[in-house]
Amino acid sequence: MIESKRLRAGILLPPYLWLLLFFLAPFLIVLAISFGETAIGVPPFTLGWPPSLFSWEILAGDSLYLRAWGNSLLFATIATLCCLLLGYPMAYAIARAPGRRRDLLLLFVILPFWTSFLIRVYAWTGLLRPNGTINEALLWLGLIEAPLPLMNNAFGVVLGLVYSYLPFMVLPLYATLEKLDATLLEAAADLGATPRRAFLSVTLPLSLPGILAGSLLVFIPAAGEFVVPDLLGGPDTLMIGKVLWDEFFTNRDWPVASALAVSMLVLLGVPLALLRRAFAS
Amino acid sequence: MSATKPRPRPSPATGDEGAGIEPGKEGAAPQSFVRAPPAAAASIVRIEGVRKRFAGTTAVDGVSLDIGRGEFFALLGPSGCGKTTLLRLLAGFEQPDEGEIFIDGEPMAGVPPYRRPVNMMFQSYALFPHMSVAANIGYGLKQQGLPRAEIAARVARLLDLVELGGLGERRPSALSGGQRQRVALARALAREPKLLLLDEPLAALDRKLRERTQLELVALQRRLGLTFVVVTHDQEEALGMATRIAVMEKGRLRQVGTPEDIYERPRSRFVADFIGEVNLFEGTPAGAEGGLVWLDTADGRLAGTGPSGAIALSVRPEDIEIATHRPNATNVVVGRVEGARYRGDDMVVHVRLESGKAVRATRLPHAPPLPADADVFLSWSPQDAVALAE
């Protein structure tokens, strides 16, 4: 009994220590910096007492941050919905495919992870540019007369987000759909439900955990995304991750950047906690 | 009661009990899910030359079968014999490669499951885990587009029918195995199907519950006047419940008949062997005389009753007499006792014959012990030896 308790502690301690050291401690440091003031020096801030609310006032006062926040939520929401609409049929088809083909299809979903995320997103610029492959092809075919604005706008950002995070939607959906007992659908059909009704009343509600897991896995990183708005976005598609990057590296304003980071965590953490609560009940 | 005060009755054919209390006992009953059979009660199911192949194997191989209205019909056979495929063909989950299926006179080719007047109770029950018991039972009624109040009323009646009143709000996961079985049954009955298909309905229940449920299923079927087609691998279950049994092997029907037919007059070694314990003596035909069929077997010339040209005799263990001295009987074989198994209500004696064949015979549980090192004589009447043509 005592031994097993010790064993448990021994197993649980390292990950907890890890999280404490590399997640909680940095977070507290960032929180502290957000109450500091910028300074010219190394590090580029000073901490004083009483804590300075200067960077939080900037955050509240400048509409740029609010817009970046709103954009992050908006683009992440649209991207999540698109991923769901695209990913659900994909996951469904994979789950229903016969054994060997299923493995192959799953491999195709995972395959993009084998190349750098940055390179994959950058490659899209080659396709979407005004003189990129897609526009050149459409012009050559005579379907358009002037290049379409495919990037440096909201379209480019959402496209990039959907492309980047689609696998995170497909995989959890696949996991729940694959477990779904096919006899339940036969039972529904036997009781007079058309395939559409059977899907809406049996498949969809039973795959809700997968929908939720996939949506969170897409929404959270998409809302904090920096690479996609940087490469495919424009001046009107500021997202919080991009602003954060600029504050840190371009403006070297660590306190504001830290305040942004904390606000982002709250922004993403609160809905997550609410969702968890709703789901548990 | 009826003995003291006989009442005038409209029909002399009606039995004494309950006459005058419940006049419509056998006919249309008050409950709406009782279906009075039409005057010209043709067969409810007609299967004509149906064949179904799955990647390489033929699951159902040329089956033709008629099932009458109000029958309790059992499809019996070992696993892989095609009985479940046949049931799924009736439900519409599979389409036959050849042949045709008619249900209530209508051809079923291309008719999807959700348009068939048939409901099925699944072996796994297939209850919807995200719905309450009441929602499960009402699911089929909801698909029919009935008003909510009517669904609720019918669900309540069905819950009472399967003795689950008060459990409507529970989730299936909060029920016992026996209760889940009843929910599955109620759900399958809700749409008042012309034909109820039951796939191994008792397989998931423990032994005691299984016996009680057998009786309840039969009573329910009689009361509702529905046609039941039940798939089972358990011959006791089939014998105990069905009005008719079809024994299947390798996708074909081997024999169709009443439980008595199947048990007492099997036509093949397969059927005789599958339905209960038998001893099979194989041999070559050696003529027929005086209603008896003779066979030359490795254990001598033996007599039985059945078609001439039979190639085997089937003798049940309970029909074999064991003696320590040679009896004066038509069929006598000699062997040594290898062991005995006490089974409570009887004792199974394993005897090795001189030919090397193992034979089982039953005795009373408290019969005096048999010598282990001396010959014993087994005998049986030719009337108890069923001659089998295949």
# chains A, B, ... in the order shown; residues from 1 in each chain; ligands from 1
call {"tool": "residues_around", "arguments": {"residues": "A:Gly224", "least_positions_apart": "6", "cutoff": "8 Å", "atoms": "only C-alpha atoms", "output": "list in words"}}
result
Ser72, Met239, Ile240, Gly241 and Met264 of chain A
call {"tool": "write_last_selection", "arguments": {"atoms": "C-alpha atoms", "output": "PDB file, in the first residue's frame"}}
result
ATOM      1  CA  SER A  72      -8.226  36.159 -33.859  1.00  0.00           C
ATOM      2  CA  MET A 239      -4.157  38.563 -35.290  1.00  0.00           C
ATOM      3  CA  ILE A 240      -3.123  38.532 -31.689  1.00  0.00           C
ATOM      4  CA  GLY A 241      -0.152  36.208 -32.273  1.00  0.00           C
ATOM      5  CA  MET A 264      -4.509  35.699 -24.801  1.00  0.00           C
TER       6      MET A 264
END
call {"tool": "residues_around", "arguments": {"residues": "stretch 364-377 of chain B", "least_positions_apart": "4", "cutoff": "6 Å", "atoms": "only C-alpha atoms", "output": "ChimeraX atom specification"}}
result
/B:322-324,326,333-337,346-347
call {"tool": "write_last_selection", "arguments": {"atoms": "C-alpha atoms", "output": "PDB file, in the first residue's frame"}}
result
ATOM      1  CA  ILE B 322     -27.271 -51.397 -20.551  1.00  0.00           C
ATOM      2  CA  ALA B 323     -27.052 -54.966 -19.241  1.00  0.00           C
ATOM      3  CA  THR B 324     -24.310 -57.217 -17.919  1.00  0.00           C
ATOM      4  CA  ARG B 326     -26.724 -60.575 -23.313  1.00  0.00           C
ATOM      5  CA  VAL B 333     -23.786 -54.457 -29.352  1.00  0.00           C
ATOM      6  CA  VAL B 334     -20.973 -55.320 -26.945  1.00  0.00           C
ATOM      7  CA  GLY B 335     -18.411 -53.021 -25.322  1.00  0.00           C
ATOM      8  CA  ARG B 336     -16.573 -51.979 -22.200  1.00  0.00           C
ATOM      9  CA  VAL B 337     -17.435 -49.131 -19.844  1.00  0.00           C
ATOM     10  CA  ASP B 346     -29.300 -39.071 -14.879  1.00  0.00           C
ATOM     11  CA  MET B 347     -25.939 -40.684 -15.464  1.00  0.00           C
TER      12      MET B 347
END
call {"tool": "select_by_dssp", "arguments": {"residues": "stretch 150-214 of chain A", "states": "alpha helix (DSSP H)", "output": "ChimeraX atom specification"}}
result
/A:154-179,182-190,195-198,204-206,208-214
call {"tool": "closest_residue", "arguments": {"among": "B:Gln143, B:Ser379, B:Ser268, B:Ser132", "to": "chain A", "atoms": "only C-alpha atoms"}}
result
B:Gln143
call {"tool": "interface_residues", "arguments": {"of": "chain B", "to": "chain A", "cutoff": "6 Å", "atoms": "only C-alpha atoms", "output": "short mmCIF file (atom, residue, chain, number, x, y, z; two decimals) with all heavy atoms, in the first residue's frame"}}
result
data_model
loop_
_atom_site.label_atom_id
_atom_site.label_comp_id
_atom_site.auth_asym_id
_atom_site.auth_seq_id
_atom_site.Cartn_x
_atom_site.Cartn_y
_atom_site.Cartn_z
N PRO B 113 -34.34 -1.19 -45.60
CA PRO B 113 -34.86 -1.62 -44.28
C PRO B 113 -35.91 -0.67 -43.73
O PRO B 113 -36.88 -1.13 -43.11
CB PRO B 113 -33.62 -1.62 -43.38
CG PRO B 113 -32.45 -1.64 -44.27
CD PRO B 113 -32.88 -1.10 -45.60
N TYR B 114 -35.72 0.64 -43.97
CA TYR B 114 -36.64 1.60 -43.34
C TYR B 114 -37.99 1.66 -44.03
O TYR B 114 -38.86 2.41 -43.60
CB TYR B 114 -36.00 2.99 -43.23
CG TYR B 114 -35.38 3.53 -44.50
CD1 TYR B 114 -36.13 4.29 -45.39
CD2 TYR B 114 -34.06 3.28 -44.81
CE1 TYR B 114 -35.57 4.78 -46.55
CE2 TYR B 114 -33.48 3.77 -45.96
CZ TYR B 114 -34.24 4.51 -46.83
OH TYR B 114 -33.67 5.00 -47.98
N ASN B 119 -39.55 -5.56 -38.13
CA ASN B 119 -38.61 -5.01 -37.16
C ASN B 119 -37.76 -6.11 -36.59
O ASN B 119 -38.12 -7.29 -36.62
CB ASN B 119 -39.33 -4.25 -36.04
CG ASN B 119 -39.79 -2.88 -36.51
OD1 ASN B 119 -40.96 -2.55 -36.46
ND2 ASN B 119 -38.86 -2.10 -37.01
N ALA B 126 -28.39 -3.35 -29.59
CA ALA B 126 -28.20 -2.10 -30.35
C ALA B 126 -29.08 -0.98 -29.83
O ALA B 126 -29.69 -0.25 -30.59
CB ALA B 126 -28.45 -2.34 -31.85
N GLY B 140 -38.91 4.47 -33.19
CA GLY B 140 -39.60 4.05 -34.41
C GLY B 140 -40.90 4.81 -34.63
O GLY B 140 -41.28 5.10 -35.76
N GLN B 143 -40.21 8.23 -36.00
CA GLN B 143 -39.92 8.20 -37.43
C GLN B 143 -41.22 8.16 -38.24
O GLN B 143 -41.26 8.62 -39.37
CB GLN B 143 -39.05 7.00 -37.81
CG GLN B 143 -37.75 6.89 -37.03
CD GLN B 143 -36.95 8.18 -37.04
OE1 GLN B 143 -36.83 8.84 -38.06
NE2 GLN B 143 -36.43 8.55 -35.88
#
call {"tool": "atom_distance", "arguments": {"atom1": "atom CA of B:Asn136", "atom2": "atom CA of B:Arg170"}}
result
10.5 Å
call {"tool": "select_by_dssp", "arguments": {"residues": "stretch 55-240 of chain B", "states": "strand (DSSP E or B)", "output": "PyMOL selection string"}}
result
chain B and resi 57-68+72-76+98-103+106-107+118-121+195-199+227-232
call {"tool": "residues_around", "arguments": {"residues": "B:Gln214", "least_positions_apart": "4", "cutoff": "8 Å", "atoms": "only C-alpha atoms", "output": "list of chain:residue names"}}
result
B:Leu202, B:Arg210, B:Val218, B:Glu237, B:Gly240, B:Met241
call {"tool": "residues_around", "arguments": {"residues": "B:Glu260", "least_positions_apart": "5", "cutoff": "12 Å", "atoms": "only C-alpha atoms", "output": "PyMOL selection string"}}
result
chain B and resi 238-240+242-245+265-266+275
call {"tool": "atom_distance", "arguments": {"atom1": "atom CA of B:Ala312", "atom2": "atom CA of B:Val349"}}
result
22.0 Å
call {"tool": "atom_distance", "arguments": {"atom1": "atom CA of B:Phe281", "atom2": "atom CA of B:Pro259"}}
result
23.1 Å
call {"tool": "closest_residue", "arguments": {"among": "B:Asp319, B:Arg343, B:Gly178, B:Thr84", "to": "B:Leu164", "atoms": "only C-alpha atoms"}}
result
B:Gly178
call {"tool": "residues_around", "arguments": {"residues": "B:Leu86", "least_positions_apart": "5", "cutoff": "9 Å", "atoms": "only C-alpha atoms", "output": "count of residues only"}}
result
9
